[in-house]
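Peer 1: What follows is coords_14.cif; its format and atoms are mmCIF, N, CA and C atoms and all ligand atoms; chains and numbers go by the auth columns.
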data_run
#
loop_
_atom_site.group_PDB
_atom_site.id
_atom_site.type_symbol
_atom_site.label_atom_id
_atom_site.label_comp_id
_atom_site.label_asym_id
_atom_site.label_seq_id
_atom_site.Cartn_x
_atom_site.Cartn_y
_atom_site.Cartn_z
_atom_site.B_iso_or_equiv
_atom_site.auth_seq_id
_atom_site.auth_asym_id
ATOM 1 N N MET A 1 2.297 -27.538 -3.844 0.00 1 A
ATOM 2 C CA MET A 1 1.162 -26.739 -3.389 0.00 1 A
ATOM 3 C C MET A 1 1.357 -25.290 -3.843 0.00 1 A
ATOM 4 N N GLU A 2 0.309 -24.720 -4.361 0.00 2 A
ATOM 5 C CA GLU A 2 0.394 -23.351 -4.844 0.00 2 A
ATOM 6 C C GLU A 2 0.198 -22.381 -3.693 0.00 2 A
ATOM 7 N N SER A 3 1.009 -21.350 -3.676 0.00 3 A
ATOM 8 C CA SER A 3 0.845 -20.380 -2.595 0.00 3 A
ATOM 9 C C SER A 3 0.174 -19.119 -3.128 0.00 3 A
ATOM 10 N N THR A 4 -0.537 -18.449 -2.270 0.00 4 A
ATOM 11 C CA THR A 4 -1.233 -17.236 -2.651 0.00 4 A
ATOM 12 C C THR A 4 -0.672 -16.079 -1.858 0.00 4 A
ATOM 13 N N ILE A 5 -0.467 -14.980 -2.535 0.00 5 A
ATOM 14 C CA ILE A 5 -0.002 -13.786 -1.844 0.00 5 A
ATOM 15 C C ILE A 5 -1.209 -13.112 -1.192 0.00 5 A
ATOM 16 N N ASN A 6 -1.201 -13.061 0.123 0.00 6 A
ATOM 17 C CA ASN A 6 -2.334 -12.488 0.856 0.00 6 A
ATOM 18 C C ASN A 6 -2.024 -11.158 1.520 0.00 6 A
ATOM 19 N N HIS A 7 -0.756 -10.895 1.718 0.00 7 A
ATOM 20 C CA HIS A 7 -0.382 -9.718 2.504 0.00 7 A
ATOM 21 C C HIS A 7 0.790 -9.005 1.846 0.00 7 A
ATOM 22 N N LYS A 8 0.923 -7.743 2.227 0.00 8 A
ATOM 23 C CA LYS A 8 2.014 -6.957 1.677 0.00 8 A
ATOM 24 C C LYS A 8 2.732 -6.221 2.809 0.00 8 A
ATOM 25 N N ILE A 9 4.035 -6.372 2.844 0.00 9 A
ATOM 26 C CA ILE A 9 4.850 -5.645 3.816 0.00 9 A
ATOM 27 C C ILE A 9 5.845 -4.793 3.051 0.00 9 A
ATOM 28 N N LEU A 10 5.871 -3.516 3.394 0.00 10 A
ATOM 29 C CA LEU A 10 6.828 -2.603 2.780 0.00 10 A
ATOM 30 C C LEU A 10 7.734 -2.072 3.876 0.00 10 A
ATOM 31 N N ILE A 11 9.031 -2.185 3.684 0.00 11 A
ATOM 32 C CA ILE A 11 9.981 -1.682 4.672 0.00 11 A
ATOM 33 C C ILE A 11 10.826 -0.591 4.024 0.00 11 A
ATOM 34 N N CYS A 12 10.953 0.525 4.713 0.00 12 A
ATOM 35 C CA CYS A 12 11.760 1.614 4.161 0.00 12 A
ATOM 36 C C CYS A 12 13.234 1.287 4.341 0.00 12 A
ATOM 37 N N LEU A 13 13.954 1.286 3.238 0.00 13 A
ATOM 38 C CA LEU A 13 15.393 1.021 3.283 0.00 13 A
ATOM 39 C C LEU A 13 16.190 2.263 2.889 0.00 13 A
ATOM 40 N N GLY A 14 15.549 3.418 3.019 0.00 14 A
ATOM 41 C CA GLY A 14 16.274 4.678 2.862 0.00 14 A
ATOM 42 C C GLY A 14 17.330 4.782 3.945 0.00 14 A
ATOM 43 N N SER A 15 18.304 5.650 3.774 0.00 15 A
ATOM 44 C CA SER A 15 19.462 5.637 4.682 0.00 15 A
ATOM 45 C C SER A 15 19.080 5.914 6.128 0.00 15 A
ATOM 46 N N SER A 16 18.149 6.808 6.371 0.00 16 A
ATOM 47 C CA SER A 16 17.784 7.128 7.756 0.00 16 A
ATOM 48 C C SER A 16 17.100 5.934 8.427 0.00 16 A
ATOM 49 N N CYS A 17 16.047 5.436 7.821 0.00 17 A
ATOM 50 C CA CYS A 17 15.336 4.285 8.414 0.00 17 A
ATOM 51 C C CYS A 17 16.250 3.071 8.517 0.00 17 A
ATOM 52 N N HIS A 18 17.068 2.854 7.499 0.00 18 A
ATOM 53 C CA HIS A 18 17.950 1.691 7.489 0.00 18 A
ATOM 54 C C HIS A 18 18.933 1.756 8.654 0.00 18 A
ATOM 55 N N SER A 19 19.551 2.924 8.847 0.00 19 A
ATOM 56 C CA SER A 19 20.573 3.020 9.895 0.00 19 A
ATOM 57 C C SER A 19 19.953 3.109 11.279 0.00 19 A
ATOM 58 N N ARG A 20 18.711 3.540 11.381 0.00 20 A
ATOM 59 C CA ARG A 20 18.087 3.686 12.697 0.00 20 A
ATOM 60 C C ARG A 20 17.302 2.450 13.135 0.00 20 A
ATOM 61 N N GLY A 21 17.354 1.389 12.368 0.00 21 A
ATOM 62 C CA GLY A 21 16.714 0.167 12.861 0.00 21 A
ATOM 63 C C GLY A 21 16.174 -0.778 11.813 0.00 21 A
ATOM 64 N N ASN A 22 15.874 -0.264 10.607 0.00 22 A
ATOM 65 C CA ASN A 22 15.250 -1.168 9.646 0.00 22 A
ATOM 66 C C ASN A 22 16.204 -2.228 9.096 0.00 22 A
ATOM 67 N N ALA A 23 17.514 -2.011 9.239 0.00 23 A
ATOM 68 C CA ALA A 23 18.445 -3.075 8.840 0.00 23 A
ATOM 69 C C ALA A 23 18.182 -4.308 9.704 0.00 23 A
ATOM 70 N N GLU A 24 18.047 -4.097 11.015 0.00 24 A
ATOM 71 C CA GLU A 24 17.759 -5.215 11.925 0.00 24 A
ATOM 72 C C GLU A 24 16.305 -5.660 11.781 0.00 24 A
ATOM 73 N N ASN A 25 15.392 -4.685 11.610 0.00 25 A
ATOM 74 C CA ASN A 25 13.972 -5.024 11.489 0.00 25 A
ATOM 75 C C ASN A 25 13.713 -5.928 10.283 0.00 25 A
ATOM 76 N N LEU A 26 14.489 -5.732 9.240 0.00 26 A
ATOM 77 C CA LEU A 26 14.364 -6.571 8.046 0.00 26 A
ATOM 78 C C LEU A 26 14.583 -8.042 8.407 0.00 26 A
ATOM 79 N N LYS A 27 15.610 -8.299 9.213 0.00 27 A
ATOM 80 C CA LYS A 27 15.898 -9.675 9.606 0.00 27 A
ATOM 81 C C LYS A 27 14.824 -10.222 10.535 0.00 27 A
ATOM 82 N N VAL A 28 14.332 -9.355 11.432 0.00 28 A
ATOM 83 C CA VAL A 28 13.268 -9.785 12.351 0.00 28 A
ATOM 84 C C VAL A 28 12.043 -10.227 11.545 0.00 28 A
ATOM 85 N N ILE A 29 11.691 -9.455 10.522 0.00 29 A
ATOM 86 C CA ILE A 29 10.523 -9.794 9.697 0.00 29 A
ATOM 87 C C ILE A 29 10.773 -11.089 8.930 0.00 29 A
ATOM 88 N N GLN A 30 11.953 -11.217 8.332 0.00 30 A
ATOM 89 C CA GLN A 30 12.259 -12.441 7.575 0.00 30 A
ATOM 90 C C GLN A 30 12.171 -13.663 8.478 0.00 30 A
ATOM 91 N N ASP A 31 12.738 -13.572 9.683 0.00 31 A
ATOM 92 C CA ASP A 31 12.702 -14.709 10.614 0.00 31 A
ATOM 93 C C ASP A 31 11.276 -15.022 11.042 0.00 31 A
ATOM 94 N N PHE A 32 10.497 -13.967 11.315 0.00 32 A
ATOM 95 C CA PHE A 32 9.108 -14.164 11.735 0.00 32 A
ATOM 96 C C PHE A 32 8.313 -14.899 10.653 0.00 32 A
ATOM 97 N N LEU A 33 8.461 -14.457 9.412 0.00 33 A
ATOM 98 C CA LEU A 33 7.702 -15.064 8.309 0.00 33 A
ATOM 99 C C LEU A 33 8.115 -16.514 8.083 0.00 33 A
ATOM 100 N N LYS A 34 9.418 -16.783 8.231 0.00 34 A
ATOM 101 C CA LYS A 34 9.901 -18.160 8.055 0.00 34 A
ATOM 102 C C LYS A 34 9.419 -19.040 9.197 0.00 34 A
ATOM 103 N N ASP A 35 9.513 -18.540 10.438 0.00 35 A
ATOM 104 C CA ASP A 35 9.062 -19.311 11.599 0.00 35 A
ATOM 105 C C ASP A 35 7.585 -19.677 11.470 0.00 35 A
ATOM 106 N N ARG A 36 6.795 -18.721 10.985 0.00 36 A
ATOM 107 C CA ARG A 36 5.349 -18.969 10.837 0.00 36 A
ATOM 108 C C ARG A 36 5.022 -19.713 9.541 0.00 36 A
ATOM 109 N N LYS A 37 6.052 -19.930 8.722 0.00 37 A
ATOM 110 C CA LYS A 37 5.880 -20.575 7.414 0.00 37 A
ATOM 111 C C LYS A 37 4.855 -19.846 6.540 0.00 37 A
ATOM 112 N N ILE A 38 4.886 -18.530 6.612 0.00 38 A
ATOM 113 C CA ILE A 38 3.966 -17.739 5.790 0.00 38 A
ATOM 114 C C ILE A 38 4.720 -16.855 4.797 0.00 38 A
ATOM 115 N N ASP A 39 6.039 -17.090 4.687 0.00 39 A
ATOM 116 C CA ASP A 39 6.813 -16.227 3.805 0.00 39 A
ATOM 117 C C ASP A 39 6.337 -16.266 2.354 0.00 39 A
ATOM 118 N N SER A 40 5.781 -17.407 1.928 0.00 40 A
ATOM 119 C CA SER A 40 5.326 -17.495 0.534 0.00 40 A
ATOM 120 C C SER A 40 4.005 -16.748 0.320 0.00 40 A
ATOM 121 N N GLN A 41 3.354 -16.347 1.404 0.00 41 A
ATOM 122 C CA GLN A 41 2.071 -15.642 1.272 0.00 41 A
ATOM 123 C C GLN A 41 2.233 -14.128 1.339 0.00 41 A
ATOM 124 N N ILE A 42 3.446 -13.685 1.539 0.00 42 A
ATOM 125 C CA ILE A 42 3.669 -12.259 1.775 0.00 42 A
ATOM 126 C C ILE A 42 4.467 -11.640 0.639 0.00 42 A
ATOM 127 N N ASP A 43 3.964 -10.546 0.144 0.00 43 A
ATOM 128 C CA ASP A 43 4.724 -9.738 -0.801 0.00 43 A
ATOM 129 C C ASP A 43 5.536 -8.759 0.052 0.00 43 A
ATOM 130 N N PHE A 44 6.796 -9.091 0.277 0.00 44 A
ATOM 131 C CA PHE A 44 7.647 -8.336 1.195 0.00 44 A
ATOM 132 C C PHE A 44 8.705 -7.606 0.379 0.00 44 A
ATOM 133 N N ARG A 45 8.666 -6.296 0.423 0.00 45 A
ATOM 134 C CA ARG A 45 9.646 -5.542 -0.360 0.00 45 A
ATOM 135 C C ARG A 45 10.111 -4.261 0.330 0.00 45 A
ATOM 136 N N GLY A 46 11.263 -3.844 -0.086 0.00 46 A
ATOM 137 C CA GLY A 46 11.817 -2.611 0.434 0.00 46 A
ATOM 138 C C GLY A 46 11.482 -1.448 -0.483 0.00 46 A
ATOM 139 N N HIS A 47 11.560 -0.251 0.063 0.00 47 A
ATOM 140 C CA HIS A 47 11.392 0.931 -0.781 0.00 47 A
ATOM 141 C C HIS A 47 12.351 2.015 -0.324 0.00 47 A
ATOM 142 N N LEU A 48 12.498 3.016 -1.138 0.00 48 A
ATOM 143 C CA LEU A 48 13.399 4.113 -0.816 0.00 48 A
ATOM 144 C C LEU A 48 12.684 5.134 0.064 0.00 48 A
ATOM 145 N N CYS A 49 13.441 6.088 0.528 0.00 49 A
ATOM 146 C CA CYS A 49 12.910 7.124 1.422 0.00 49 A
ATOM 147 C C CYS A 49 11.676 7.790 0.826 0.00 49 A
ATOM 148 N N ASN A 50 10.639 7.924 1.665 0.00 50 A
ATOM 149 C CA ASN A 50 9.460 8.655 1.199 0.00 50 A
ATOM 150 C C ASN A 50 9.188 9.868 2.087 0.00 50 A
ATOM 151 N N GLU A 51 10.281 10.455 2.571 0.00 51 A
ATOM 152 C CA GLU A 51 10.237 11.736 3.293 0.00 51 A
ATOM 153 C C GLU A 51 9.559 11.656 4.654 0.00 51 A
ATOM 154 N N MET A 52 9.555 10.488 5.251 0.00 52 A
ATOM 155 C CA MET A 52 8.957 10.369 6.579 0.00 52 A
ATOM 156 C C MET A 52 10.016 10.012 7.618 0.00 52 A
ATOM 157 N N CYS A 53 11.257 10.379 7.334 0.00 53 A
ATOM 158 C CA CYS A 53 12.391 9.978 8.179 0.00 53 A
ATOM 159 C C CYS A 53 12.190 10.338 9.642 0.00 53 A
ATOM 160 N N LYS A 54 11.619 11.501 9.920 0.00 54 A
ATOM 161 C CA LYS A 54 11.454 11.934 11.321 0.00 54 A
ATOM 162 C C LYS A 54 10.598 10.962 12.102 0.00 54 A
ATOM 163 N N ARG A 55 9.723 10.273 11.426 0.00 55 A
ATOM 164 C CA ARG A 55 8.830 9.334 12.118 0.00 55 A
ATOM 165 C C ARG A 55 9.308 7.898 11.985 0.00 55 A
ATOM 166 N N GLY A 56 10.493 7.723 11.392 0.00 56 A
ATOM 167 C CA GLY A 56 10.999 6.380 11.143 0.00 56 A
ATOM 168 C C GLY A 56 11.618 5.733 12.354 0.00 56 A
ATOM 169 N N PRO A 57 12.068 4.537 12.212 0.00 57 A
ATOM 170 C CA PRO A 57 11.956 3.686 11.031 0.00 57 A
ATOM 171 C C PRO A 57 10.491 3.329 10.712 0.00 57 A
ATOM 172 N N VAL A 58 10.194 3.331 9.435 0.00 58 A
ATOM 173 C CA VAL A 58 8.827 3.143 8.971 0.00 58 A
ATOM 174 C C VAL A 58 8.672 1.776 8.296 0.00 58 A
ATOM 175 N N ILE A 59 7.559 1.114 8.663 0.00 59 A
ATOM 176 C CA ILE A 59 7.201 -0.161 8.016 0.00 59 A
ATOM 177 C C ILE A 59 5.698 -0.128 7.764 0.00 59 A
ATOM 178 N N GLU A 60 5.275 -0.625 6.616 0.00 60 A
ATOM 179 C CA GLU A 60 3.844 -0.662 6.306 0.00 60 A
ATOM 180 C C GLU A 60 3.414 -2.106 6.106 0.00 60 A
ATOM 181 N N ILE A 61 2.354 -2.476 6.799 0.00 61 A
ATOM 182 C CA ILE A 61 1.826 -3.832 6.661 0.00 61 A
ATOM 183 C C ILE A 61 0.374 -3.733 6.236 0.00 61 A
ATOM 184 N N ASP A 62 0.068 -4.263 5.083 0.00 62 A
ATOM 185 C CA ASP A 62 -1.294 -4.215 4.539 0.00 62 A
ATOM 186 C C ASP A 62 -1.895 -2.812 4.662 0.00 62 A
ATOM 187 N N GLU A 63 -1.133 -1.846 4.222 0.00 63 A
ATOM 188 C CA GLU A 63 -1.553 -0.442 4.164 0.00 63 A
ATOM 189 C C GLU A 63 -1.725 0.221 5.520 0.00 63 A
ATOM 190 N N ILE A 64 -1.286 -0.435 6.578 0.00 64 A
ATOM 191 C CA ILE A 64 -1.244 0.209 7.898 0.00 64 A
ATOM 192 C C ILE A 64 0.200 0.622 8.125 0.00 64 A
ATOM 193 N N GLU A 65 0.370 1.900 8.425 0.00 65 A
ATOM 194 C CA GLU A 65 1.730 2.386 8.583 0.00 65 A
ATOM 195 C C GLU A 65 2.146 2.375 10.048 0.00 65 A
ATOM 196 N N TYR A 66 3.309 1.812 10.309 0.00 66 A
ATOM 197 C CA TYR A 66 3.874 1.776 11.652 0.00 66 A
ATOM 198 C C TYR A 66 5.114 2.654 11.656 0.00 66 A
ATOM 199 N N GLU A 67 5.168 3.533 12.654 0.00 67 A
ATOM 200 C CA GLU A 67 6.296 4.470 12.755 0.00 67 A
ATOM 201 C C GLU A 67 7.098 4.165 14.009 0.00 67 A
ATOM 202 N N GLY A 68 8.349 4.538 14.004 0.00 68 A
ATOM 203 C CA GLY A 68 9.196 4.305 15.177 0.00 68 A
ATOM 204 C C GLY A 68 9.315 2.828 15.493 0.00 68 A
ATOM 205 N N VAL A 69 9.432 2.026 14.457 0.00 69 A
ATOM 206 C CA VAL A 69 9.490 0.576 14.645 0.00 69 A
ATOM 207 C C VAL A 69 10.885 0.165 15.117 0.00 69 A
ATOM 208 N N THR A 70 10.907 -0.586 16.211 0.00 70 A
ATOM 209 C CA THR A 70 12.183 -1.042 16.770 0.00 70 A
ATOM 210 C C THR A 70 12.160 -2.564 16.900 0.00 70 A
ATOM 211 N N GLN A 71 13.328 -3.108 17.218 0.00 71 A
ATOM 212 C CA GLN A 71 13.384 -4.553 17.431 0.00 71 A
ATOM 213 C C GLN A 71 12.556 -4.964 18.642 0.00 71 A
ATOM 214 N N SER A 72 12.277 -4.007 19.559 0.00 72 A
ATOM 215 C CA SER A 72 11.464 -4.337 20.727 0.00 72 A
ATOM 216 C C SER A 72 9.981 -4.372 20.403 0.00 72 A
ATOM 217 N N ASN A 73 9.496 -3.375 19.623 0.00 73 A
ATOM 218 C CA ASN A 73 8.050 -3.365 19.379 0.00 73 A
ATOM 219 C C ASN A 73 7.635 -4.115 18.110 0.00 73 A
ATOM 220 N N LEU A 74 8.582 -4.428 17.254 0.00 74 A
ATOM 221 C CA LEU A 74 8.233 -5.117 16.008 0.00 74 A
ATOM 222 C C LEU A 74 7.624 -6.512 16.224 0.00 74 A
ATOM 223 N N PRO A 75 8.164 -7.345 17.133 0.00 75 A
ATOM 224 C CA PRO A 75 7.545 -8.663 17.304 0.00 75 A
ATOM 225 C C PRO A 75 6.061 -8.583 17.668 0.00 75 A
ATOM 226 N N SER A 76 5.670 -7.641 18.530 0.00 76 A
ATOM 227 C CA SER A 76 4.256 -7.559 18.883 0.00 76 A
ATOM 228 C C SER A 76 3.429 -6.993 17.733 0.00 76 A
ATOM 229 N N ILE A 77 4.004 -6.082 16.950 0.00 77 A
ATOM 230 C CA ILE A 77 3.291 -5.578 15.760 0.00 77 A
ATOM 231 C C ILE A 77 2.999 -6.743 14.815 0.00 77 A
ATOM 232 N N LEU A 78 4.003 -7.578 14.577 0.00 78 A
ATOM 233 C CA LEU A 78 3.830 -8.716 13.660 0.00 78 A
ATOM 234 C C LEU A 78 2.849 -9.740 14.223 0.00 78 A
ATOM 235 N N SER A 79 2.978 -10.038 15.517 0.00 79 A
ATOM 236 C CA SER A 79 2.076 -11.024 16.128 0.00 79 A
ATOM 237 C C SER A 79 0.639 -10.554 16.085 0.00 79 A
ATOM 238 N N ASN A 80 0.429 -9.263 16.347 0.00 80 A
ATOM 239 C CA ASN A 80 -0.931 -8.738 16.326 0.00 80 A
ATOM 240 C C ASN A 80 -1.506 -8.754 14.912 0.00 80 A
ATOM 241 N N HIS A 81 -0.664 -8.479 13.945 0.00 81 A
ATOM 242 C CA HIS A 81 -1.169 -8.415 12.575 0.00 81 A
ATOM 243 C C HIS A 81 -1.413 -9.810 12.000 0.00 81 A
ATOM 244 N N PHE A 82 -0.486 -10.723 12.291 0.00 82 A
ATOM 245 C CA PHE A 82 -0.603 -12.074 11.718 0.00 82 A
ATOM 246 C C PHE A 82 -0.974 -13.058 12.817 0.00 82 A
ATOM 247 N N ASN A 83 -2.069 -12.798 13.513 0.00 83 A
ATOM 248 C CA ASN A 83 -2.444 -13.682 14.639 0.00 83 A
ATOM 249 C C ASN A 83 -3.212 -14.890 14.169 0.00 83 A
HETATM 250 S S1 LIG B . 14.650 6.972 5.129 0.00 1 B
HETATM 251 FE FE1 LIG B . 12.724 6.072 5.594 0.00 1 B
HETATM 252 S S2 LIG B . 11.372 7.733 5.325 0.00 1 B
HETATM 253 FE FE2 LIG B . 13.306 8.593 4.878 0.00 1 B
#
Please rewrite the model in this file as structure tokens.
Ligand code: FES

Peer 2:
Amino acid sequence: MESTINHKILICLGSSCHSRGNAENLKVIQDFLKDRKIDSQIDFRGHLCNEMCKRGPVIEIDEIEYEGVTQSNLPSILSNHFN
């Protein structure tokens, strides 16, 4: 079956965002996508610091930017976006 890329997730892996939560958030996103079996539909990639460290950890989903993303609020962000 052919899969189509429908969504894009960008996670900041710059040192500030990475050390303040995106290292764990990366795994939360990977697990969420696998559990929902939608990993093949998502263009999921990391990027370097884009000077928004003060508002980090930063994650962007389909051009919506989420700031201060933690392991506590990330599951609801993902559930709301991919409902
Ligand atoms: S490290 Fe993420 S915005 Fe700077």

Peer 1: Counting all atoms listed in the file, which residue out of A:Phe32, A:Ile42, A:Leu13, A:Asn6 sits closest to Leu78 in chain A?

Peer 2: A:Phe32

Peer 1: For ligand LIG 1 (chain B), collect every residue having any atom at a distance of at most 12 Å from a ligand atom (counting only C-alpha atoms and all ligand atoms); output as number ranges by chain.

Peer 2: A: 10-23, 46-60, 65-69

Peer 1: Tell me, in Å to one decimal, how far CA of Gln41 in chain A is from atom N of Thr4 in chain A.

Peer 2: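 These two atoms are separated by 5.2 Å.
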
Peer 1: Kindly give the distance, in Å, that separates atom C of Arg45 in chain A and atom C of Ser76 in chain A, rounded to a single decimal.

Peer 2: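 For atom C of Arg45 in chain A relative to atom C of Ser76 in chain A, the distance reads 18.8 Å.
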
Peer 1: Extract the full set of strand (DSSP E) residues from chain A according to DSSP on the backbone, and format it as a ChimeraX atom specification.

Peer 2: /A:7-12,42-47,59-61,64-66

Peer 1: Just the number, please: distance in Å from CA of Ser72 in chain A to CA of Ser40 in chain A, one decimal.

Peer 2: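 Computing the Euclidean distance for CA of Ser72 in chain A and CA of Ser40 in chain A yields 24.9 Å.
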
Peer 1: List the residues matched by the PyMOL selection byres (((chain A and resi 8) around 5) and not hetatm) in the displayed structure as a ChimeraX atom specification, ordered by chain and then by residue number.

Peer 2: /A:6-7,9-10,43,61-62
